[in-house]
>>> print(open('my_file22.txt').read())   # compact mmCIF, C-alpha atoms and all ligand atoms
# COMPACT_ATOMS: atom_id res chain seq x y z
CA MET L 1 65.40 -12.16 -48.46
CA LYS L 2 64.04 -8.98 -46.80
CA LYS L 3 65.62 -6.96 -49.58
CA LEU L 4 64.25 -9.26 -52.25
CA VAL L 5 60.71 -8.84 -50.96
CA LEU L 6 61.08 -5.07 -50.94
CA ILE L 7 62.60 -5.01 -54.40
CA THR L 8 59.78 -7.22 -55.72
CA ALA L 9 57.15 -4.90 -54.24
CA VAL L 10 58.77 -1.76 -55.63
CA PHE L 11 59.43 -3.37 -59.00
CA LEU L 12 55.82 -4.56 -59.34
CA SER L 13 54.52 -1.14 -58.31
CA VAL L 14 56.60 0.71 -60.88
CA LEU L 15 55.91 -1.75 -63.70
CA ALA L 16 52.22 -1.80 -63.03
CA CYS L 17 51.42 1.90 -63.08
CA LYS L 18 48.86 3.00 -65.61
CA LYS L 19 46.79 6.11 -66.16
CA THR L 20 43.07 6.00 -65.54
CA PRO L 21 40.82 7.16 -68.38
CA PHE L 22 38.72 10.30 -67.70
CA THR L 23 40.63 11.34 -64.57
CA ASN L 24 44.21 10.69 -65.74
CA ARG L 25 45.27 9.40 -62.34
CA THR L 26 48.28 7.11 -61.94
CA GLN L 27 46.92 3.75 -60.92
CA LEU L 28 48.50 0.52 -59.74
CA ASN L 29 47.22 -2.24 -62.00
CA PHE L 30 49.03 -5.34 -63.15
CA MET L 31 45.87 -7.27 -63.97
CA GLY L 32 45.20 -7.20 -67.71
CA ASN L 33 41.72 -7.41 -69.24
CA ASN L 34 42.67 -10.80 -70.68
CA THR L 35 43.18 -12.11 -67.13
CA ILE L 36 40.14 -10.55 -65.53
CA PHE L 37 37.44 -10.52 -68.21
CA PRO L 38 37.10 -14.30 -68.76
CA GLN L 39 36.68 -14.79 -64.99
CA SER L 40 34.24 -11.91 -64.84
CA PHE L 41 32.13 -13.22 -67.73
CA ALA L 42 31.98 -16.71 -66.19
CA ALA L 43 31.00 -15.27 -62.79
CA TYR L 44 28.29 -13.15 -64.43
CA ASN L 45 26.75 -16.16 -66.16
CA GLN L 46 26.83 -18.06 -62.88
CA PHE L 47 25.15 -15.14 -61.13
CA LEU L 48 22.39 -15.01 -63.73
CA THR L 49 21.67 -18.75 -63.44
CA ALA L 50 21.46 -18.46 -59.66
CA HIS L 51 19.14 -15.41 -59.68
CA GLU L 52 15.70 -14.66 -60.98
CA ILE L 53 15.50 -12.33 -63.98
CA ALA L 54 12.70 -9.78 -63.55
CA LYS L 55 9.69 -10.42 -65.79
CA ASP L 56 8.72 -6.77 -66.30
CA ALA L 57 9.50 -6.19 -70.01
CA ASN L 58 9.20 -2.39 -69.81
CA LYS L 59 11.62 -2.10 -66.92
CA GLN L 60 14.08 -4.54 -68.48
CA ALA L 61 13.88 -2.49 -71.69
CA MET L 62 14.66 0.66 -69.69
CA VAL L 63 17.71 -0.99 -68.10
CA GLU L 64 18.92 -2.01 -71.56
CA ARG L 65 18.28 1.41 -73.07
CA VAL L 66 20.15 3.25 -70.30
CA GLY L 67 22.99 0.72 -70.45
CA GLN L 68 23.33 1.04 -74.21
CA ARG L 69 23.28 4.83 -74.08
CA ILE L 70 25.95 4.89 -71.34
CA ALA L 71 28.09 2.37 -73.26
CA ALA L 72 27.73 4.44 -76.45
CA ALA L 73 28.68 7.58 -74.51
CA ALA L 74 31.81 5.81 -73.22
CA GLN L 75 32.74 4.78 -76.78
CA ARG L 76 32.28 8.38 -77.99
CA TYR L 77 34.47 9.60 -75.14
CA PHE L 78 37.26 7.12 -75.95
CA GLU L 79 37.13 7.90 -79.68
CA ALA L 80 37.37 11.61 -78.93
CA ASN L 81 40.32 11.01 -76.60
CA GLY L 82 42.55 8.84 -78.78
CA GLN L 83 41.63 5.49 -77.17
CA LYS L 84 39.13 4.09 -79.65
CA ASP L 85 40.12 0.49 -78.81
CA TYR L 86 39.69 0.87 -75.05
CA LEU L 87 36.40 -1.06 -75.04
CA LYS L 88 37.30 -3.68 -77.65
CA ASP L 89 37.24 -6.58 -75.16
CA TYR L 90 34.02 -5.41 -73.49
CA LYS L 91 30.95 -7.59 -73.92
CA TRP L 92 28.17 -5.35 -72.64
CA GLU L 93 25.18 -7.05 -71.07
CA TYR L 94 22.37 -5.54 -69.00
CA HIS L 95 19.98 -7.47 -66.78
CA LEU L 96 17.27 -6.53 -64.31
CA VAL L 97 17.28 -9.09 -61.48
CA LYS L 98 14.36 -9.65 -59.13
CA ASP L 99 15.76 -8.84 -55.70
CA GLU L 100 14.70 -6.42 -52.96
CA GLN L 101 18.26 -5.20 -52.35
CA ILE L 102 18.93 -1.56 -53.15
CA ASN L 103 21.87 -2.30 -55.39
CA ALA L 104 23.36 -2.55 -58.87
CA PHE L 105 26.80 -3.44 -60.23
CA CYS L 106 28.91 -3.60 -63.36
CA MET L 107 31.51 -6.36 -63.46
CA PRO L 108 34.78 -5.91 -65.39
CA GLY L 109 34.12 -6.03 -69.13
CA GLY L 110 30.65 -4.44 -68.97
CA LYS L 111 28.46 -7.07 -67.29
CA ILE L 112 25.68 -5.16 -65.56
CA VAL L 113 23.05 -6.15 -63.01
CA VAL L 114 20.35 -3.84 -61.68
CA TYR L 115 18.23 -5.11 -58.77
CA THR L 116 14.50 -4.37 -58.89
CA GLY L 117 14.87 -3.07 -55.29
CA ILE L 118 16.69 0.06 -56.48
CA LEU L 119 13.99 1.14 -58.95
CA PRO L 120 11.68 2.79 -56.36
CA ILE L 121 14.63 5.08 -55.48
CA THR L 122 15.90 5.77 -58.98
CA GLU L 123 12.24 6.63 -59.86
CA THR L 124 12.93 7.68 -63.46
CA GLU L 125 15.12 6.69 -66.39
CA GLU L 126 17.38 9.63 -65.52
CA GLY L 127 17.72 8.35 -61.93
CA LEU L 128 18.65 4.92 -63.26
CA ALA L 129 21.26 6.59 -65.50
CA VAL L 130 22.94 8.01 -62.36
CA VAL L 131 23.25 4.54 -60.84
CA MET L 132 24.30 2.78 -64.03
CA GLY L 133 26.71 5.58 -64.98
CA HIS L 134 28.35 5.21 -61.58
CA GLU L 135 28.60 1.41 -61.79
CA VAL L 136 29.93 1.44 -65.37
CA SER L 137 32.55 3.99 -64.27
CA HIS L 138 33.95 1.59 -61.65
CA ALA L 139 34.50 -0.88 -64.51
CA LEU L 140 35.97 1.64 -66.97
CA LEU L 141 38.34 2.95 -64.29
CA ASN L 142 39.47 -0.62 -63.49
CA HIS L 143 38.80 -0.16 -59.79
CA GLY L 144 38.50 -3.91 -59.25
CA ALA L 145 41.85 -4.64 -60.90
CA GLU L 146 43.41 -1.81 -58.91
CA ARG L 147 42.11 -3.16 -55.60
CA MET L 148 43.38 -6.65 -56.45
CA SER L 149 46.78 -5.21 -57.38
CA MET L 150 46.88 -3.21 -54.15
CA GLY L 151 45.98 -6.35 -52.21
CA THR L 152 48.89 -8.23 -53.74
CA ILE L 153 51.35 -5.47 -52.86
CA GLN L 154 49.91 -5.34 -49.34
CA GLN L 155 50.47 -9.09 -48.94
CA ILE L 156 54.06 -8.80 -50.14
CA GLY L 157 54.46 -5.94 -47.64
CA GLN L 158 53.18 -8.14 -44.82
CA VAL L 159 55.71 -10.84 -45.67
CA GLY L 160 58.34 -8.10 -45.47
CA VAL L 161 57.16 -6.99 -42.02
CA ALA L 162 57.11 -10.59 -40.79
CA LEU L 163 60.71 -11.06 -41.96
CA ALA L 164 61.82 -7.72 -40.52
CA THR L 165 60.50 -8.70 -37.11
CA ALA L 166 61.64 -12.31 -37.23
CA ASN L 167 64.18 -11.66 -34.47
CA GLY L 168 61.68 -10.09 -32.07
CA THR L 169 59.65 -11.93 -29.44
CA PRO L 170 56.40 -13.50 -30.66
CA LYS L 171 54.53 -10.75 -28.80
CA GLN L 172 56.49 -7.99 -30.58
CA GLN L 173 55.91 -9.71 -33.90
CA GLN L 174 52.20 -9.90 -33.20
CA MET L 175 52.11 -6.19 -32.33
CA TRP L 176 53.86 -5.31 -35.56
CA MET L 177 51.51 -7.41 -37.63
CA THR L 178 48.46 -5.94 -35.92
CA ALA L 179 49.73 -2.39 -36.35
CA TYR L 180 50.64 -3.00 -39.98
CA GLY L 181 47.37 -4.76 -40.77
CA LEU L 182 45.19 -2.05 -39.20
CA GLY L 183 47.32 0.78 -40.55
CA SER L 184 47.23 -0.49 -44.08
CA GLN L 185 43.48 -1.10 -43.85
CA ILE L 186 42.55 2.34 -42.63
CA GLY L 187 45.45 4.26 -44.14
CA VAL L 188 45.49 2.74 -47.61
CA MET L 189 42.72 0.35 -48.53
CA LEU L 190 39.65 2.18 -47.22
CA PRO L 191 40.53 5.67 -48.46
CA PHE L 192 41.27 4.12 -51.85
CA SER L 193 37.80 2.70 -51.89
CA ARG L 194 36.24 5.99 -50.81
CA ARG L 195 38.19 7.72 -53.53
CA ASP L 196 36.95 5.08 -55.98
CA GLU L 197 33.39 6.03 -55.05
CA SER L 198 34.00 9.75 -55.60
CA GLU L 199 35.81 9.04 -58.85
CA ALA L 200 32.95 6.84 -60.09
CA ASP L 201 30.46 9.55 -59.08
CA GLU L 202 32.31 12.15 -61.14
CA VAL L 203 32.87 9.98 -64.21
CA GLY L 204 29.29 8.68 -63.94
CA LEU L 205 27.94 12.23 -64.25
CA ARG L 206 30.15 12.89 -67.26
CA LEU L 207 29.01 9.69 -68.98
CA MET L 208 25.32 10.28 -68.30
CA ALA L 209 25.60 13.83 -69.61
CA ILE L 210 27.30 12.66 -72.83
CA ALA L 211 24.50 10.07 -73.08
CA GLY L 212 21.99 12.93 -72.94
CA TYR L 213 20.75 12.45 -69.36
CA ASN L 214 20.70 15.56 -67.17
CA PRO L 215 23.51 15.22 -64.57
CA ASP L 216 21.55 17.39 -62.08
CA GLU L 217 19.76 14.15 -61.26
CA GLY L 218 22.94 12.87 -59.52
CA ALA L 219 22.54 14.96 -56.36
CA LYS L 220 18.77 14.40 -56.36
CA LEU L 221 19.17 10.64 -56.46
CA TRP L 222 21.69 10.62 -53.61
CA LYS L 223 19.36 12.80 -51.51
CA ARG L 224 16.66 10.16 -51.93
CA MET L 225 19.23 7.46 -51.09
CA ALA L 226 20.33 9.41 -47.99
CA ALA L 227 16.74 9.61 -46.78
CA MET L 228 16.59 5.79 -46.97
CA ASN L 229 19.83 5.46 -45.02
CA LYS L 230 18.88 7.50 -41.95
CA GLY L 231 19.74 5.97 -38.61
CA GLN L 232 22.05 3.17 -39.73
CA LYS L 233 24.98 5.08 -41.14
CA PRO L 234 28.56 4.26 -40.15
CA PRO L 235 30.81 7.28 -39.54
CA GLU L 236 32.58 8.46 -42.69
CA MET L 237 36.08 7.56 -41.50
CA MET L 238 35.30 3.84 -41.30
CA SER L 239 32.96 3.65 -44.23
CA THR L 240 33.87 2.75 -47.77
CA HIS L 241 31.47 5.41 -49.03
CA PRO L 242 31.79 9.16 -48.71
CA SER L 243 29.18 10.52 -46.29
CA ASP L 244 25.94 11.48 -47.96
CA GLN L 245 26.53 15.19 -47.33
CA THR L 246 29.97 15.13 -48.93
CA ARG L 247 28.71 13.09 -51.82
CA ILE L 248 25.71 15.34 -52.52
CA ALA L 249 27.84 18.48 -52.29
CA LYS L 250 30.40 17.09 -54.75
CA LEU L 251 27.73 15.89 -57.19
CA THR L 252 26.02 19.29 -57.10
CA ALA L 253 29.32 21.06 -57.74
CA TYR L 254 30.27 18.71 -60.55
CA ALA L 255 27.05 18.70 -62.59
CA PRO L 256 27.75 22.01 -64.43
CA LYS L 257 31.17 20.67 -65.54
CA ALA L 258 29.56 17.50 -66.87
CA LYS L 259 27.07 19.60 -68.86
CA GLU L 260 29.90 21.71 -70.22
CA GLU L 261 31.80 18.61 -71.36
CA ALA L 262 28.65 17.18 -73.01
CA LYS L 263 28.50 20.23 -75.31
CA LYS L 264 31.60 18.88 -77.07
CA TYR L 265 29.42 15.95 -78.11
CA GLY L 266 26.54 18.16 -79.26
CA ILE L 267 24.47 17.59 -76.10
CA TYR L 268 22.85 20.69 -74.57
CA PHE L 269 20.70 20.95 -71.46
CA ASN L 270 18.15 23.67 -70.78
CA ASN L 271 19.52 24.76 -67.40
ZN ZN Y 1 30.35 2.66 -56.21
>>> encode(input="my_file22.txt", output="structure tokens")
Amino acid sequence: MKKLVLITAVFLSVLACKKTPFTNRTQLNFMGNNTIFPQSFAAYNQFLTAHEIAKDANKQAMVERVGQRIAAAAQRYFEANGQKDYLKDYKWEYHLVKDEQINAFCMPGGKIVVYTGILPITETEEGLAVVMGHEVSHALLNHGAERMSMGTIQQIGQVGVALATANGTPKQQQMWMTAYGLGSQIGVMLPFSRRDESEADEVGLRLMAIAGYNPDEGAKLWKRMAAMNKGQKPPEMMSTHPSDQTRIAKLTAYAPKAKEEAKKYGIYFNN
């Protein structure tokens, strides 16, 4: 039984490895779009019924414009990289929701929500493109599916640990479970999420640049965000986000590469 659990975990891991677009990273993912998208679309509709859509037509139009330009940039990228069907199951939708939270998200399959609360920080259309580029990147990189796949493997692993310690005293078993649970949280799950954030930052800059938005805005936006965050920041090790300093430094370093890539699509920036 112990062996069977281990074999199942290894087998699933090997079977389920895919390459991420843009970053070409090997990724654990055994959740297909056809499993995830219908659930995502239903959840999005539910969310929209339960929340108030913002009435400001100009701002809603801006959210739609940025979303469409980012989606078009993604399509251009996939066509140029031999994956023209990558987005075929996507059903892009962009809504501005009246809510004071400083937040935005893109659900699997291209279902986007921007909260009105983030607009004072994004300030301009370019600032909004940083946020939406980042959120769309999480979806394109299948970060949700990857986390769910990781979670499944982690659960199988825990069953394995429980079986392996079945002969120990209850106290020993408890210690093992605690150690395994904490270790896998801090050692695997959280760094994956932090890496997801960095990866989405990078791909977000590339997408916004291909869409014609200046990627220099990335670092500027996160500086404004950091100023909002002062005083209530968890230490980087325990946080699911890279620290502001790290994030700003990486975004600054990456912007010239994003501009360089955009040239391939006929997009040139002045600086
Ligand atoms: Zn993110």
>>> residues_near_ligand(input="my_file22.txt", ligand="ligand ZN 1 (chain Y)", cutoff="7 Å", atoms="only C-alpha atoms and all ligand atoms", output="ChimeraX atom specification")
/L:134-135,138,197,200
>>> atom_distance(input="my_file22.txt", atom1="CA of Leu28 (chain L)", atom2="CA of Ser40 (chain L)")
19.6 Å
>>> axis_aligned_box(input="my_file22.txt", around="region 30-36 of chain L", padding_each_side="6 Å", output="AutoDock Vina command-line options")
--center_x 44.6 --center_y -8.7 --center_z -66.9 --size_x 20.9 --size_y 18.8 --size_z 19.5
>>> residues_around(input="my_file22.txt", residues="Ile102 (chain L)", least_positions_apart="2", cutoff="9 Å", atoms="only C-alpha atoms", output="ChimeraX atom specification")
/L:99-100,104,114-119,121
>>> closest_atom_pairs(input="my_file22.txt", of="region 115-145 of chain L", to="region 72-92 of chain L", cutoff="12 Å", atoms="only C-alpha atoms", output="tab-separated table")
residue	atom	partner	partner_atom	distance
L:Ala129	CA	L:Ala73	CA	11.7
L:Gly133	CA	L:Ala74	CA	9.7
L:Val136	CA	L:Ala74	CA	9.2
L:Ser137	CA	L:Ala74	CA	9.2
L:Ala139	CA	L:Tyr90	CA	10.1
L:Leu140	CA	L:Leu87	CA	8.5
L:Leu141	CA	L:Tyr86	CA	11.0
L:Asn142	CA	L:Tyr86	CA	11.7
>>> atom_distance(input="my_file22.txt", atom1="CA of Asp201 (chain L)", atom2="CA of Pro21 (chain L)")
14.1 Å
>>> residues_around(input="my_file22.txt", residues="Lys223 (chain L)", least_positions_apart="4", cutoff="9 Å", atoms="all atoms listed in the file", output="PDB file with C-alpha atoms, in the coordinates of the input")
ATOM      1  CA  GLY L 218      22.940  12.870 -59.520  1.00  0.00           C
ATOM      2  CA  ALA L 219      22.540  14.960 -56.360  1.00  0.00           C
ATOM      3  CA  ALA L 227      16.740   9.610 -46.780  1.00  0.00           C
ATOM      4  CA  MET L 228      16.590   5.790 -46.970  1.00  0.00           C
ATOM      5  CA  ASP L 244      25.940  11.480 -47.960  1.00  0.00           C
ATOM      6  CA  GLN L 245      26.530  15.190 -47.330  1.00  0.00           C
ATOM      7  CA  ILE L 248      25.710  15.340 -52.520  1.00  0.00           C
TER       8      ILE L 248
END
>>> residues_near_point(input="my_file22.txt", point="(29.7, -15.5, -67.5)", cutoff="12 Å", atoms="all atoms listed in the file", output="VMD selection string")
chain L and resid 36 to 50 91 to 93 107 to 112
>>> residues_around(input="my_file22.txt", residues="Ile53 (chain L)", least_positions_apart="6", cutoff="7 Å", atoms="only C-alpha atoms", output="MDAnalysis selection string")
chainID L and resid 96:98
>>> atom_distance(input="my_file22.txt", atom1="CA of Glu125 (chain L)", atom2="CA of Lys55 (chain L)")
18.0 Å
>>> closest_residue(input="my_file22.txt", among="L:Ser193, L:Gln155, L:Gln101, L:Thr124", to="Val66 (chain L)", atoms="only C-alpha atoms")
L:Thr124
>>> closest_residue(input="my_file22.txt", among="L:Leu251, L:His143, L:Thr246, L:Asn58", to="Arg25 (chain L)", atoms="all atoms listed in the file")
L:His143
>>> closest_residue(input="my_file22.txt", among="L:Lys263, L:Lys257, L:Arg147, L:Arg65", to="Gln27 (chain L)", atoms="all atoms listed in the file")
L:Arg147
>>> residues_around(input="my_file22.txt", residues="Glu146 (chain L)", least_positions_apart="4", cutoff="10 Å", atoms="all atoms listed in the file", output="ChimeraX atom specification")
/L:16-18,27-31,141-142,150-152,192,196
>>> closest_residue(input="my_file22.txt", among="L:Glu126, L:Asn24, L:Gly32, L:Phe269", to="Met62 (chain L)", atoms="only C-alpha atoms")
L:Glu126
>>> closest_residue(input="my_file22.txt", among="L:Ser198, L:Met148, L:Glu260, L:Ile153", to="Thr35 (chain L)", atoms="all atoms listed in the file")
L:Met148
>>> closest_residue(input="my_file22.txt", among="L:Leu207, L:Ala262, L:Leu128, L:Val113", to="Lys220 (chain L)", atoms="only C-alpha atoms")
L:Leu128
